[in-house]
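Visitor: Contents of coords-v4.csv (CSV, C-alpha atoms and all ligand atoms) are given next:
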chain,number,residue,atom,x,y,z
A,790,MET,CA,-3.2,-29.8,-9.3
A,791,LYS,CA,-4.1,-31.5,-6.0
A,792,GLU,CA,-7.7,-32.0,-5.1
A,793,LEU,CA,-9.0,-30.9,-1.7
A,794,ARG,CA,-12.1,-33.0,-1.3
A,795,ILE,CA,-14.7,-31.3,0.9
A,796,GLY,CA,-17.3,-32.9,3.0
A,797,MET,CA,-19.6,-30.1,4.2
A,798,ILE,CA,-22.0,-30.6,7.2
A,799,GLY,CA,-25.0,-28.3,7.3
A,800,TYR,CA,-26.3,-26.5,4.3
A,801,GLY,CA,-28.0,-23.3,5.7
A,802,PHE,CA,-26.8,-19.8,5.4
A,803,MET,CA,-23.1,-20.6,5.8
A,804,GLY,CA,-23.5,-23.8,3.7
A,805,LYS,CA,-24.3,-21.5,0.8
A,806,THR,CA,-21.5,-18.9,1.4
A,807,HIS,CA,-18.9,-21.7,1.8
A,808,SER,CA,-20.1,-23.7,-1.3
A,809,ASN,CA,-19.8,-20.5,-3.4
A,810,ALA,CA,-16.4,-19.8,-2.0
A,811,TYR,CA,-15.0,-23.3,-2.8
A,812,LEU,CA,-16.2,-22.9,-6.4
A,813,GLN,CA,-14.8,-19.4,-6.8
A,814,ALA,CA,-11.5,-19.5,-4.9
A,815,ALA,CA,-9.7,-21.7,-7.4
A,816,ARG,CA,-11.0,-19.7,-10.3
A,817,PHE,CA,-9.7,-16.4,-9.0
A,818,PHE,CA,-6.7,-17.3,-6.9
A,819,ASP,CA,-3.7,-19.4,-8.0
A,820,SER,CA,-3.1,-22.5,-5.9
A,821,GLU,CA,-1.7,-26.0,-6.3
A,822,HIS,CA,-5.0,-27.1,-4.6
A,823,LYS,CA,-8.5,-27.2,-6.0
A,824,PRO,CA,-11.6,-27.7,-3.8
A,825,VAL,CA,-13.9,-30.5,-5.0
A,826,LEU,CA,-17.4,-30.6,-3.5
A,827,LYS,CA,-17.4,-34.3,-2.7
A,828,ALA,CA,-20.2,-34.7,-0.2
A,829,LEU,CA,-22.9,-32.7,1.6
A,830,CYS,CA,-24.1,-34.0,4.9
A,831,ALA,CA,-27.5,-33.3,6.3
A,832,ARG,CA,-29.9,-35.2,8.5
A,833,ASN,CA,-32.6,-35.3,5.8
A,834,GLN,CA,-31.1,-36.6,2.5
A,835,GLU,CA,-34.1,-35.9,0.4
A,836,LYS,CA,-34.4,-32.3,1.6
A,837,ALA,CA,-30.6,-31.7,1.0
A,838,GLN,CA,-30.5,-33.2,-2.5
A,839,PRO,CA,-31.7,-30.0,-4.4
A,840,PHE,CA,-29.0,-28.0,-2.6
A,841,ALA,CA,-26.4,-30.7,-3.5
A,842,ASP,CA,-27.6,-30.6,-7.1
A,843,ASN,CA,-27.6,-26.8,-7.3
A,844,TRP,CA,-24.0,-26.5,-6.0
A,845,GLY,CA,-22.6,-29.6,-7.6
A,846,TYR,CA,-22.0,-31.9,-4.6
A,847,GLU,CA,-21.2,-35.4,-5.8
A,848,SER,CA,-23.0,-37.2,-3.0
A,849,VAL,CA,-25.2,-36.7,0.1
A,850,GLU,CA,-24.7,-38.3,3.5
A,851,SER,CA,-27.3,-38.2,6.2
A,852,ASP,CA,-25.0,-39.0,9.2
A,853,TRP,CA,-21.9,-37.0,9.8
A,854,ARG,CA,-20.2,-40.0,11.4
A,855,GLU,CA,-20.5,-41.9,8.1
A,856,LEU,CA,-19.0,-38.9,6.3
A,857,LEU,CA,-16.0,-39.0,8.6
A,858,LYS,CA,-15.4,-42.7,7.7
A,859,ARG,CA,-15.0,-41.9,4.0
A,860,ASP,CA,-11.6,-42.1,2.5
A,861,ASP,CA,-12.5,-39.7,-0.3
A,862,ILE,CA,-12.9,-36.7,2.1
A,863,ASP,CA,-9.9,-34.6,2.9
A,864,ALA,CA,-11.5,-31.7,4.7
A,865,VAL,CA,-14.6,-31.4,6.8
A,866,ASP,CA,-16.5,-28.1,6.9
A,867,VAL,CA,-18.6,-27.6,10.0
A,868,CYS,CA,-21.6,-25.4,9.2
A,869,THR,CA,-24.0,-26.6,11.9
A,870,PRO,CA,-25.3,-24.8,15.0
A,871,ASN,CA,-22.7,-24.2,17.7
A,872,ASN,CA,-23.6,-27.1,20.0
A,873,LEU,CA,-22.4,-29.5,17.3
A,874,HIS,CA,-19.0,-27.9,16.6
A,875,LYS,CA,-17.1,-29.7,19.3
A,876,GLU,CA,-18.2,-33.2,18.8
A,877,ILE,CA,-17.8,-33.1,15.0
A,878,ALA,CA,-14.5,-31.4,15.1
A,879,ILE,CA,-13.0,-33.8,17.6
A,880,GLU,CA,-14.2,-36.8,15.7
A,881,ALA,CA,-13.0,-35.3,12.4
A,882,ALA,CA,-9.6,-34.8,13.9
A,883,LYS,CA,-9.4,-38.4,15.1
A,884,ALA,CA,-10.3,-39.4,11.6
A,885,GLY,CA,-7.4,-37.4,10.3
A,886,LYS,CA,-9.5,-34.9,8.4
A,887,MET,CA,-8.6,-31.2,8.0
A,888,ILE,CA,-11.3,-29.1,9.6
A,889,LEU,CA,-12.8,-25.7,8.6
A,890,CYS,CA,-15.2,-24.9,11.5
A,891,GLU,CA,-17.7,-22.1,11.6
A,892,LYS,CA,-17.5,-19.5,14.4
A,893,PRO,CA,-17.8,-19.3,17.3
A,894,LEU,CA,-15.3,-22.1,17.8
A,895,ALA,CA,-17.4,-23.7,20.5
A,896,MET,CA,-20.1,-23.2,23.2
A,897,ASP,CA,-17.4,-22.0,25.6
A,898,ALA,CA,-13.6,-21.9,26.1
A,899,ALA,CA,-13.5,-25.3,27.9
A,900,GLU,CA,-15.0,-27.0,24.8
A,901,GLY,CA,-12.7,-24.9,22.6
A,902,GLU,CA,-9.6,-26.1,24.5
A,903,GLU,CA,-10.6,-29.7,23.9
A,904,MET,CA,-11.0,-29.0,20.2
A,905,CYS,CA,-7.6,-27.3,20.0
A,906,GLN,CA,-6.0,-30.3,21.7
A,907,ALA,CA,-7.7,-32.7,19.3
A,908,VAL,CA,-6.5,-31.0,16.2
A,909,GLU,CA,-3.0,-30.4,17.6
A,910,ALA,CA,-2.7,-34.1,18.6
A,911,ALA,CA,-3.9,-35.2,15.2
A,912,GLY,CA,-1.7,-32.7,13.4
A,913,VAL,CA,-4.5,-31.7,11.0
A,914,ALA,CA,-4.9,-28.4,9.3
A,915,ASN,CA,-7.6,-26.3,11.0
A,916,MET,CA,-9.3,-22.9,10.5
A,917,VAL,CA,-12.3,-21.0,11.9
A,918,TRP,CA,-14.4,-18.9,9.6
A,919,TYR,CA,-13.9,-15.4,11.0
A,920,ASN,CA,-14.4,-14.1,7.5
A,921,TYR,CA,-14.5,-10.3,8.3
A,922,ARG,CA,-10.7,-10.3,8.4
A,923,ARG,CA,-10.8,-11.0,4.7
A,924,VAL,CA,-12.9,-8.0,3.7
A,925,PRO,CA,-10.3,-6.1,1.7
A,926,ALA,CA,-11.0,-2.9,3.6
A,927,VAL,CA,-10.4,-4.6,6.9
A,928,SER,CA,-7.3,-6.3,5.6
A,929,LEU,CA,-6.1,-2.9,4.4
A,930,ALA,CA,-6.7,-1.5,7.9
A,931,LYS,CA,-4.4,-4.3,9.2
A,932,GLN,CA,-1.7,-3.4,6.7
A,933,ILE,CA,-2.0,0.3,7.6
A,934,LEU,CA,-1.8,-0.5,11.4
A,935,GLU,CA,1.3,-2.7,10.8
A,936,SER,CA,3.0,0.1,8.9
A,937,GLY,CA,2.9,2.1,12.1
A,938,LYS,CA,1.0,5.1,10.5
A,939,LEU,CA,-1.4,5.4,13.4
A,940,GLY,CA,1.3,5.5,16.1
A,941,ARG,CA,0.2,4.7,19.6
A,942,ILE,CA,-3.3,3.3,19.8
A,943,PHE,CA,-5.7,4.8,22.3
A,944,HIS,CA,-9.1,3.5,21.4
A,945,TYR,CA,-10.8,0.6,19.7
A,946,ARG,CA,-14.6,0.7,19.2
A,947,ALA,CA,-16.9,-1.8,17.6
A,948,ASN,CA,-20.7,-2.4,17.3
A,949,PHE,CA,-22.7,-5.2,15.8
A,950,LEU,CA,-26.4,-4.2,15.7
A,951,GLN,CA,-29.5,-6.1,14.5
A,952,ASP,CA,-33.2,-5.8,15.2
A,953,TRP,CA,-34.8,-9.2,14.3
A,954,THR,CA,-35.8,-10.5,17.7
A,955,ILE,CA,-37.7,-7.5,19.1
A,956,SER,CA,-41.1,-9.2,18.8
A,957,ALA,CA,-41.9,-11.5,21.8
A,958,ASP,CA,-43.6,-13.8,19.2
A,959,VAL,CA,-40.4,-14.9,17.7
A,960,PRO,CA,-39.9,-18.5,19.0
A,961,GLN,CA,-36.7,-20.0,20.3
A,962,GLY,CA,-35.1,-23.3,19.2
A,963,GLY,CA,-35.7,-25.4,16.1
A,964,ALA,CA,-34.1,-25.1,12.7
A,965,ALA,CA,-34.9,-21.4,12.1
A,966,THR,CA,-34.4,-20.0,15.5
A,967,TRP,CA,-31.7,-22.1,17.2
A,968,ARG,CA,-29.7,-18.8,17.8
A,969,LEU,CA,-32.2,-17.9,20.5
A,970,ASP,CA,-31.9,-21.3,22.3
A,971,VAL,CA,-29.0,-21.3,24.7
A,972,GLU,CA,-28.7,-25.1,24.4
A,973,ALA,CA,-27.9,-24.8,20.7
A,974,ALA,CA,-26.1,-21.4,20.6
A,975,GLY,CA,-24.3,-21.3,23.9
A,976,SER,CA,-24.9,-17.6,24.2
A,977,GLY,CA,-26.8,-14.8,22.4
A,978,VAL,CA,-25.2,-11.8,20.7
A,979,THR,CA,-21.9,-12.4,22.6
A,980,GLY,CA,-21.0,-15.6,20.7
A,981,ASP,CA,-23.0,-14.8,17.6
A,982,LEU,CA,-22.0,-11.2,16.9
A,983,LEU,CA,-19.5,-9.9,19.3
A,984,ALA,CA,-17.3,-12.9,18.6
A,985,HIS,CA,-16.7,-11.4,15.1
A,986,CYS,CA,-15.9,-8.0,16.6
A,987,ILE,CA,-13.5,-9.6,19.1
A,988,ASP,CA,-11.7,-11.7,16.5
A,989,THR,CA,-11.2,-8.6,14.3
A,990,ALA,CA,-10.1,-6.5,17.3
A,991,ILE,CA,-7.6,-9.0,18.5
A,992,TRP,CA,-6.3,-9.4,14.9
A,993,LEU,CA,-5.9,-5.7,14.4
A,994,ASN,CA,-5.1,-4.4,17.9
A,995,GLY,CA,-3.7,-7.4,19.9
A,996,SER,CA,-4.9,-9.3,22.9
A,997,ILE,CA,-7.5,-8.2,25.4
A,998,ASN,CA,-6.6,-8.4,29.1
A,999,ASN,CA,-9.7,-7.7,31.1
A,1000,VAL,CA,-13.4,-6.8,30.5
A,1001,SER,CA,-16.3,-5.2,32.3
A,1002,ALA,CA,-19.6,-6.2,30.7
A,1003,MET,CA,-23.4,-5.9,31.0
A,1004,THR,CA,-25.9,-8.1,29.3
A,1005,GLU,CA,-29.7,-7.9,29.0
A,1006,THR,CA,-32.4,-10.4,28.0
A,1007,PHE,CA,-35.3,-8.1,27.1
A,1008,VAL,CA,-37.8,-10.9,26.3
A,1009,LYS,CA,-37.7,-13.3,29.3
A,1010,GLU,CA,-39.8,-16.2,27.9
A,1011,ARG,CA,-40.4,-17.5,24.4
A,1012,VAL,CA,-42.3,-20.5,22.9
A,1013,HIS,CA,-40.0,-23.3,21.8
A,1014,ALA,CA,-40.4,-23.8,18.0
A,1015,GLU,CA,-40.4,-27.6,18.4
A,1016,THR,CA,-42.2,-28.3,21.6
A,1017,GLY,CA,-44.6,-25.3,21.5
A,1018,GLU,CA,-43.9,-24.8,25.2
A,1019,LYS,CA,-43.1,-21.5,26.8
A,1020,GLN,CA,-39.6,-21.5,28.3
A,1021,ALA,CA,-37.3,-19.1,29.9
A,1022,VAL,CA,-34.9,-17.4,27.5
A,1023,GLY,CA,-31.3,-18.2,28.4
A,1024,ILE,CA,-29.4,-16.1,25.9
A,1025,ASP,CA,-28.1,-12.5,26.1
A,1026,ASP,CA,-30.2,-10.3,23.8
A,1027,ALA,CA,-27.8,-7.4,24.1
A,1028,CYS,CA,-24.3,-7.0,25.5
A,1029,ALA,CA,-22.0,-4.1,26.0
A,1030,PHE,CA,-18.5,-4.2,27.4
A,1031,LEU,CA,-15.4,-2.2,28.1
A,1032,CYS,CA,-11.9,-3.7,27.9
A,1033,ARG,CA,-8.2,-3.1,28.1
A,1034,PHE,CA,-5.9,-4.3,25.4
A,1035,ASP,CA,-2.3,-5.5,26.0
A,1036,ASN,CA,-1.0,-2.4,24.1
A,1037,GLY,CA,-2.6,-0.1,26.7
A,1038,SER,CA,-5.6,1.0,24.5
A,1039,MET,CA,-9.2,1.0,25.7
A,1040,GLY,CA,-12.0,-1.0,24.0
A,1041,LEU,CA,-15.7,-0.4,23.8
A,1042,PHE,CA,-18.0,-3.0,22.3
A,1043,GLU,CA,-21.8,-3.2,21.9
A,1044,SER,CA,-24.1,-5.7,20.3
A,1045,THR,CA,-27.8,-6.2,20.3
A,1046,ARG,CA,-30.7,-7.7,18.3
A,1047,TYR,CA,-32.9,-4.8,19.6
A,1048,ALA,CA,-31.6,-1.8,17.6
A,1049,ARG,CA,-34.7,-1.0,15.6
A,1050,GLY,CA,-33.7,-0.2,12.0
A,1051,HIS,CA,-30.3,-2.0,12.0
A,1052,LYS,CA,-30.1,-5.4,10.2
A,1053,ALA,CA,-26.4,-6.2,10.4
A,1054,LEU,CA,-24.5,-3.0,11.2
A,1055,TYR,CA,-21.0,-4.0,12.1
A,1056,THR,CA,-18.8,-1.0,12.5
A,1057,LEU,CA,-15.3,-0.6,13.9
A,1058,GLU,CA,-13.1,2.4,14.6
A,1059,ILE,CA,-9.6,2.7,15.8
A,1060,ASN,CA,-8.0,5.9,17.1
A,1061,GLY,CA,-4.2,6.4,17.1
A,1062,GLU,CA,-1.9,9.2,18.0
A,1063,HIS,CA,-1.4,10.2,14.4
A,1064,ALA,CA,-4.4,8.8,12.5
A,1065,SER,CA,-7.7,7.1,12.8
A,1066,MET,CA,-9.6,4.5,10.8
A,1067,ARG,CA,-13.2,3.3,10.6
A,1068,TRP,CA,-15.1,0.7,8.7
A,1069,ASP,CA,-18.8,-0.1,8.2
A,1070,LEU,CA,-20.1,-3.4,7.0
A,1071,HIS,CA,-22.9,-1.6,5.1
A,1072,ASP,CA,-20.3,0.1,3.0
A,1073,LEU,CA,-17.8,-2.7,3.2
A,1074,HIS,CA,-15.6,-1.7,0.3
A,1075,ARG,CA,-14.6,1.6,1.9
A,1076,LEU,CA,-12.1,2.3,4.6
A,1077,GLU,CA,-12.4,5.8,6.2
A,1078,TYR,CA,-9.0,7.2,7.1
A,1079,PHE,CA,-8.0,10.4,8.9
A,1080,ASP,CA,-4.3,11.5,8.9
A,1081,HIS,CA,-3.4,14.3,11.2
A,1082,SER,CA,-0.2,14.9,9.2
A,1083,ASP,CA,-2.1,16.0,6.2
A,1084,GLU,CA,-1.8,19.7,5.3
A,1085,GLY,CA,-4.3,21.6,7.5
A,1086,ILE,CA,-6.4,23.1,4.7
A,1087,VAL,CA,-7.2,19.7,3.2
A,1088,ARG,CA,-7.1,17.7,6.4
A,1089,GLY,CA,-10.2,15.6,7.0
A,1090,TRP,CA,-11.7,12.0,6.8
A,1091,ARG,CA,-11.0,10.4,3.5
A,1092,SER,CA,-13.1,7.6,2.2
A,1093,VAL,CA,-10.8,5.1,0.5
A,1094,HIS,CA,-12.6,3.0,-2.1
A,1095,VAL,CA,-10.8,-0.3,-1.7
A,1096,SER,CA,-10.8,-1.6,-5.2
A,1097,ASP,CA,-7.3,-1.1,-6.6
A,1098,GLY,CA,-4.9,-3.9,-7.6
A,1099,ASP,CA,-2.4,-3.0,-4.9
A,1100,GLN,CA,-4.9,-3.2,-2.1
A,1101,PRO,CA,-5.5,-6.6,-0.4
A,1102,TYR,CA,-7.0,-9.3,-2.6
A,1103,MET,CA,-8.2,-6.8,-5.2
A,1104,GLY,CA,-5.6,-7.7,-7.8
A,1105,ASN,CA,-7.4,-11.0,-8.2
A,1106,TRP,CA,-10.7,-9.4,-9.1
A,1107,TRP,CA,-12.0,-6.9,-11.6
A,1108,VAL,CA,-10.4,-3.7,-12.8
A,1109,PRO,CA,-9.6,-0.8,-10.4
A,1110,GLY,CA,-12.7,1.0,-9.3
A,1111,LEU,CA,-15.0,-2.0,-9.4
A,1112,GLN,CA,-15.9,-3.3,-6.0
A,1113,ILE,CA,-16.7,-6.7,-4.5
A,1114,GLY,CA,-19.0,-7.7,-1.7
A,1115,TYR,CA,-19.8,-9.9,1.4
A,1116,GLU,CA,-19.5,-13.3,-0.3
A,1117,HIS,CA,-15.9,-12.6,-1.3
A,1118,SER,CA,-14.7,-12.6,2.3
A,1119,PHE,CA,-15.5,-16.3,2.3
A,1120,THR,CA,-13.8,-16.8,-1.1
A,1121,HIS,CA,-10.7,-15.1,0.3
A,1122,GLN,CA,-10.8,-17.3,3.4
A,1123,VAL,CA,-10.8,-20.4,1.1
A,1124,ALA,CA,-8.0,-18.9,-1.1
A,1125,ASP,CA,-5.9,-18.3,2.0
A,1126,PHE,CA,-6.6,-21.8,3.3
A,1127,LEU,CA,-5.4,-23.3,-0.1
A,1128,LYS,CA,-2.3,-21.1,0.1
A,1129,SER,CA,-1.6,-22.5,3.5
A,1130,LEU,CA,-1.7,-26.0,2.1
A,1131,ASP,CA,0.6,-24.9,-0.7
A,1132,THR,CA,3.2,-23.4,1.6
A,1133,GLY,CA,2.7,-25.5,4.7
A,1134,GLU,CA,2.2,-22.4,6.8
A,1135,PRO,CA,-0.7,-22.8,9.3
A,1136,ALA,CA,-4.0,-21.2,8.2
A,1137,ALA,CA,-5.4,-18.4,10.3
A,1138,PRO,CA,-7.4,-18.0,12.4
A,1139,SER,CA,-6.6,-21.5,13.7
A,1140,PHE,CA,-8.6,-23.2,16.4
A,1141,ARG,CA,-6.0,-21.9,18.9
A,1142,ASP,CA,-6.5,-18.3,17.6
A,1143,ALA,CA,-10.3,-18.6,17.8
A,1144,LEU,CA,-9.9,-20.0,21.3
A,1145,GLU,CA,-8.6,-16.6,22.4
A,1146,THR,CA,-11.9,-15.0,21.2
A,1147,GLN,CA,-13.8,-17.7,23.0
A,1148,LYS,CA,-12.0,-16.8,26.2
A,1149,VAL,CA,-12.9,-13.2,25.8
A,1150,CYS,CA,-16.6,-14.1,25.3
A,1151,ASP,CA,-16.5,-16.3,28.4
A,1152,ALA,CA,-15.0,-13.4,30.4
A,1153,VAL,CA,-17.6,-11.0,29.1
A,1154,LEU,CA,-20.5,-13.3,30.1
A,1155,LYS,CA,-18.9,-13.9,33.5
A,1156,SER,CA,-18.3,-10.3,34.1
A,1157,ALA,CA,-21.9,-9.5,33.2
A,1158,ALA,CA,-23.2,-12.2,35.5
A,1159,ASP,CA,-21.0,-11.1,38.5
A,1160,SER,CA,-21.2,-7.3,37.8
A,1161,ARG,CA,-17.4,-6.9,38.1
A,1162,TRP,CA,-14.2,-6.7,36.0
A,1163,GLU,CA,-13.0,-10.1,34.8
A,1164,ASN,CA,-9.5,-11.1,33.6
A,1165,VAL,CA,-9.5,-12.9,30.3
B,1,LIG,N1,-18.9,-16.5,9.6
B,1,LIG,C1,-20.1,-15.9,9.6
B,1,LIG,O1,-20.2,-14.7,9.3
B,1,LIG,C2,-21.3,-16.6,10.1
B,1,LIG,C3,-22.6,-16.2,9.7
B,1,LIG,C4,-23.7,-16.9,10.1
B,1,LIG,C5,-23.5,-18.1,10.8
B,1,LIG,N2,-22.3,-18.5,11.2
B,1,LIG,C6,-22.1,-19.7,12.0
B,1,LIG,O2,-22.3,-20.8,11.1
B,1,LIG,C7,-22.9,-21.9,11.8
B,1,LIG,C8,-24.2,-22.3,11.1
B,1,LIG,O3,-25.0,-21.1,11.0
B,1,LIG,P1,-26.1,-20.8,9.8
B,1,LIG,O4,-26.5,-19.4,9.9
B,1,LIG,O5,-25.6,-21.4,8.6
B,1,LIG,O6,-27.3,-21.8,10.4
B,1,LIG,P2,-28.5,-22.4,9.5
B,1,LIG,O7,-29.5,-22.6,10.6
B,1,LIG,O8,-28.8,-21.6,8.3
B,1,LIG,O9,-27.9,-23.8,9.1
B,1,LIG,C9,-27.5,-24.8,10.0
B,1,LIG,C10,-27.4,-26.1,9.2
B,1,LIG,O10,-27.0,-27.2,10.1
B,1,LIG,C11,-27.8,-28.3,9.8
B,1,LIG,N3,-27.7,-29.3,11.0
B,1,LIG,C12,-28.2,-29.1,12.2
B,1,LIG,N4,-28.0,-30.2,12.9
B,1,LIG,C13,-27.3,-31.1,12.1
B,1,LIG,C14,-26.9,-32.4,12.3
B,1,LIG,N5,-27.0,-33.1,13.4
B,1,LIG,N6,-26.2,-33.0,11.2
B,1,LIG,C15,-26.1,-32.4,10.0
B,1,LIG,N7,-26.6,-31.1,9.8
B,1,LIG,C16,-27.2,-30.5,10.8
B,1,LIG,C17,-29.1,-27.7,9.5
B,1,LIG,O11,-30.0,-28.7,8.9
B,1,LIG,C18,-28.8,-26.6,8.6
B,1,LIG,O12,-28.6,-27.0,7.3
B,1,LIG,C19,-23.1,-21.4,13.2
B,1,LIG,O13,-22.1,-21.9,14.0
B,1,LIG,C20,-23.1,-19.9,13.1
B,1,LIG,O14,-22.6,-19.3,14.3
B,1,LIG,C21,-21.2,-17.8,10.8
Please re-express this file's structure in structure tokens.

Guide:
Amino acid sequence: MKELRIGMIGYGFMGKTHSNAYLQAARFFDSEHKPVLKALCARNQEKAQPFADNWGYESVESDWRELLKRDDIDAVDVCTPNNLHKEIAIEAAKAGKMILCEKPLAMDAAEGEEMCQAVEAAGVANMVWYNYRRVPAVSLAKQILESGKLGRIFHYRANFLQDWTISADVPQGGAATWRLDVEAAGSGVTGDLLAHCIDTAIWLNGSINNVSAMTETFVKERVHAETGEKQAVGIDDACAFLCRFDNGSMGLFESTRYARGHKALYTLEINGEHASMRWDLHDLHRLEYFDHSDEGIVRGWRSVHVSDGDQPYMGNWWVPGLQIGYEHSFTHQVADFLKSLDTGEPAAPSFRDALETQKVCDAVLKSAADSRWENV
């Protein structure tokens, strides 16, 4: 058994999902590699210690540059806000570390390109946490698509809806609301939420050629959480776009943080010549499937409860009929990363794969700014 000694930077929401995944992956999936929680890195060592103790990190570093100098770290996990991804990843590559980076890859495609070049020059293993690919029902959708059951694809549709920034009193910036600060996030819902939808879409339905988008910032000024000063809001609160895929199908995407009643409603639907599929994060263990070749009297949407051993990832979990949840998508991502180390095959999505999503995000924002179609 070879150790994969992890140094994780940032210990917020994703820090928790990843720590859990590192611990679970080797217990449920066979691999020659086993993650070891070697070091947690956070600016305030004292505040980070309880997290480190709870998850079993062996040590705590307060400066990520010091973490990168350590010989006992094989892989660096970037769980910080988006504006730190580039610098950490490039320095980690130079230090010869493998890198698992949170999404979106970067603030924009230019930064992403630099990151790709850095990992490729260093020849280090790299992966971006587009975890929704690893929800078994979504992986099953990919398997069904690849079998050709849907025939020619006409439409791809995705939404990611939330409602947590409707109040004008929500501040921007700082530890809790960096997502609303364009300096830390790069963009609003486009990089935060649509990036997930775009990654899944490219994975399932192929590359996107061109886009036509509109964005809106409903609350124009917010108080900065750290300075207390009112500042212009630079992020997109909502974004909708149309696109064309390489395979000739049409895409329709929408994301907002202003859809009252929706907390994290990620839905996707794909319509083909012979069949259609749809998936909903709120019911993530189900894949809805409609097959036009079914006998007419029983033809209709079926709801496939993805929990059987012959469905993606499920053979490693409980017994058929028992479902798993959100956190398992991260466990599967770690399991696949470990497998890539076993086999020498690159892990997916790589930085280069994630750059494609970043380019679509850039084109979406440019199209919205210029009010015209934009090539990716
Ligand atoms: N894959 C997903 O589904 C998913 C979900 C949520 C967030 N994300 C991504 O994960 C990243 C982190 O998001 P989050 O929700 O965990 O944020 P968070 O605010 O919960 O956590 C961010 C962490 O980064 C730390 N940090 C900030 N600056 C640092 C520095 N200079 N050195 C060390 N640590 C520093 C903070 O202290 C905090 O622990 C973002 O890029 C975000 O887009 C991905």

Visitor: Give me, as a PyMOL selection string, the set of residues whose atoms come within 7 Å of any atom of ligand LIG 1 (chain B), counting all atoms listed in the file.

Guide: chain A and resi 798-804+830-832+852-853+868-871+891-893+918-920+964-965+967+981

Visitor: Need the shell around His985 in chain A: protein/DNA/RNA residues with any atom at most 12 Å away, counting only C-alpha atoms. Skip same-chain ones fewer than 3 positions apart. Format as a count of residues only?

Guide: 38

Visitor: Nearest to Asp1097 in chain A: which of A:Ala1158, A:Leu856, A:Leu929, A:Ile877 is it, counting all atoms listed in the file?

Guide: A:Leu929

Visitor: For a quick check of understanding, using only C-alpha atoms, which of A:Glu1015, A:Asp1125, A:Glu1145, A:Glu1084 has the smallest distance to Ala814 in chain A?

Guide: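 Of all the options, A:Asp1125 lies closest to Ala814 in chain A.
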
Visitor: Write out as an mmCIF file with C-alpha atoms, in the frame of the given file the residues lying within 7 Å of range 1078-1082 of chain A, counting all atoms listed in the file and excluding same-chain residues fewer than 6 positions away.

Guide:
data_model
loop_
_atom_site.group_PDB
_atom_site.id
_atom_site.type_symbol
_atom_site.label_atom_id
_atom_site.label_comp_id
_atom_site.auth_asym_id
_atom_site.auth_seq_id
_atom_site.Cartn_x
_atom_site.Cartn_y
_atom_site.Cartn_z
ATOM 1 C CA HIS A 1063 -1.400 10.200 14.400
ATOM 2 C CA ALA A 1064 -4.400 8.800 12.500
ATOM 3 C CA SER A 1065 -7.700 7.100 12.800
ATOM 4 C CA MET A 1066 -9.600 4.500 10.800
ATOM 5 C CA ARG A 1067 -13.200 3.300 10.600
ATOM 6 C CA ARG A 1088 -7.100 17.700 6.400
ATOM 7 C CA GLY A 1089 -10.200 15.600 7.000
ATOM 8 C CA TRP A 1090 -11.700 12.000 6.800
ATOM 9 C CA ARG A 1091 -11.000 10.400 3.500
ATOM 10 C CA SER A 1092 -13.100 7.600 2.200
#

Visitor: Got a sec: who's within 10 Å of Leu934 in chain A, counting all atoms listed in the file, leaving out chain neighbours fewer than 3 positions off, as a ChimeraX atom specification?

Guide: /A:928-931,937-942,993-994,1059,1061,1064-1066

Visitor: Tell me which residues come within 12 Å of (-20.6, -11.9, 30.6), as a tab-separated table (two decimals) with C-alpha atoms, keeping the file's coordinate frame, counting all atoms listed in the file in the file's coordinates.

Guide:
chain	number	residue	atom	x	y	z
A	897	ASP	CA	-17.40	-22.00	25.60
A	976	SER	CA	-24.90	-17.60	24.20
A	977	GLY	CA	-26.80	-14.80	22.40
A	978	VAL	CA	-25.20	-11.80	20.70
A	979	THR	CA	-21.90	-12.40	22.60
A	980	GLY	CA	-21.00	-15.60	20.70
A	983	LEU	CA	-19.50	-9.90	19.30
A	999	ASN	CA	-9.70	-7.70	31.10
A	1000	VAL	CA	-13.40	-6.80	30.50
A	1001	SER	CA	-16.30	-5.20	32.30
A	1002	ALA	CA	-19.60	-6.20	30.70
A	1003	MET	CA	-23.40	-5.90	31.00
A	1004	THR	CA	-25.90	-8.10	29.30
A	1005	GLU	CA	-29.70	-7.90	29.00
A	1024	ILE	CA	-29.40	-16.10	25.90
A	1025	ASP	CA	-28.10	-12.50	26.10
A	1026	ASP	CA	-30.20	-10.30	23.80
A	1027	ALA	CA	-27.80	-7.40	24.10
A	1028	CYS	CA	-24.30	-7.00	25.50
A	1029	ALA	CA	-22.00	-4.10	26.00
A	1030	PHE	CA	-18.50	-4.20	27.40
A	1031	LEU	CA	-15.40	-2.20	28.10
A	1147	GLN	CA	-13.80	-17.70	23.00
A	1148	LYS	CA	-12.00	-16.80	26.20
A	1149	VAL	CA	-12.90	-13.20	25.80
A	1150	CYS	CA	-16.60	-14.10	25.30
A	1151	ASP	CA	-16.50	-16.30	28.40
A	1152	ALA	CA	-15.00	-13.40	30.40
A	1153	VAL	CA	-17.60	-11.00	29.10
A	1154	LEU	CA	-20.50	-13.30	30.10
A	1155	LYS	CA	-18.90	-13.90	33.50
A	1156	SER	CA	-18.30	-10.30	34.10
A	1157	ALA	CA	-21.90	-9.50	33.20
A	1158	ALA	CA	-23.20	-12.20	35.50
A	1159	ASP	CA	-21.00	-11.10	38.50
A	1160	SER	CA	-21.20	-7.30	37.80
A	1161	ARG	CA	-17.40	-6.90	38.10
A	1162	TRP	CA	-14.20	-6.70	36.00
A	1163	GLU	CA	-13.00	-10.10	34.80
A	1164	ASN	CA	-9.50	-11.10	33.60
A	1165	VAL	CA	-9.50	-12.90	30.30

Visitor: Find, counting all atoms listed in the file, the residue in A:Asn872, A:Asn809, A:Gln1020, A:Thr1006 that gets nearest to Ile955 in chain A.

Guide: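 Looking only at the distances to Ile955 in chain A, the closest residue turns out to be A:Thr1006.
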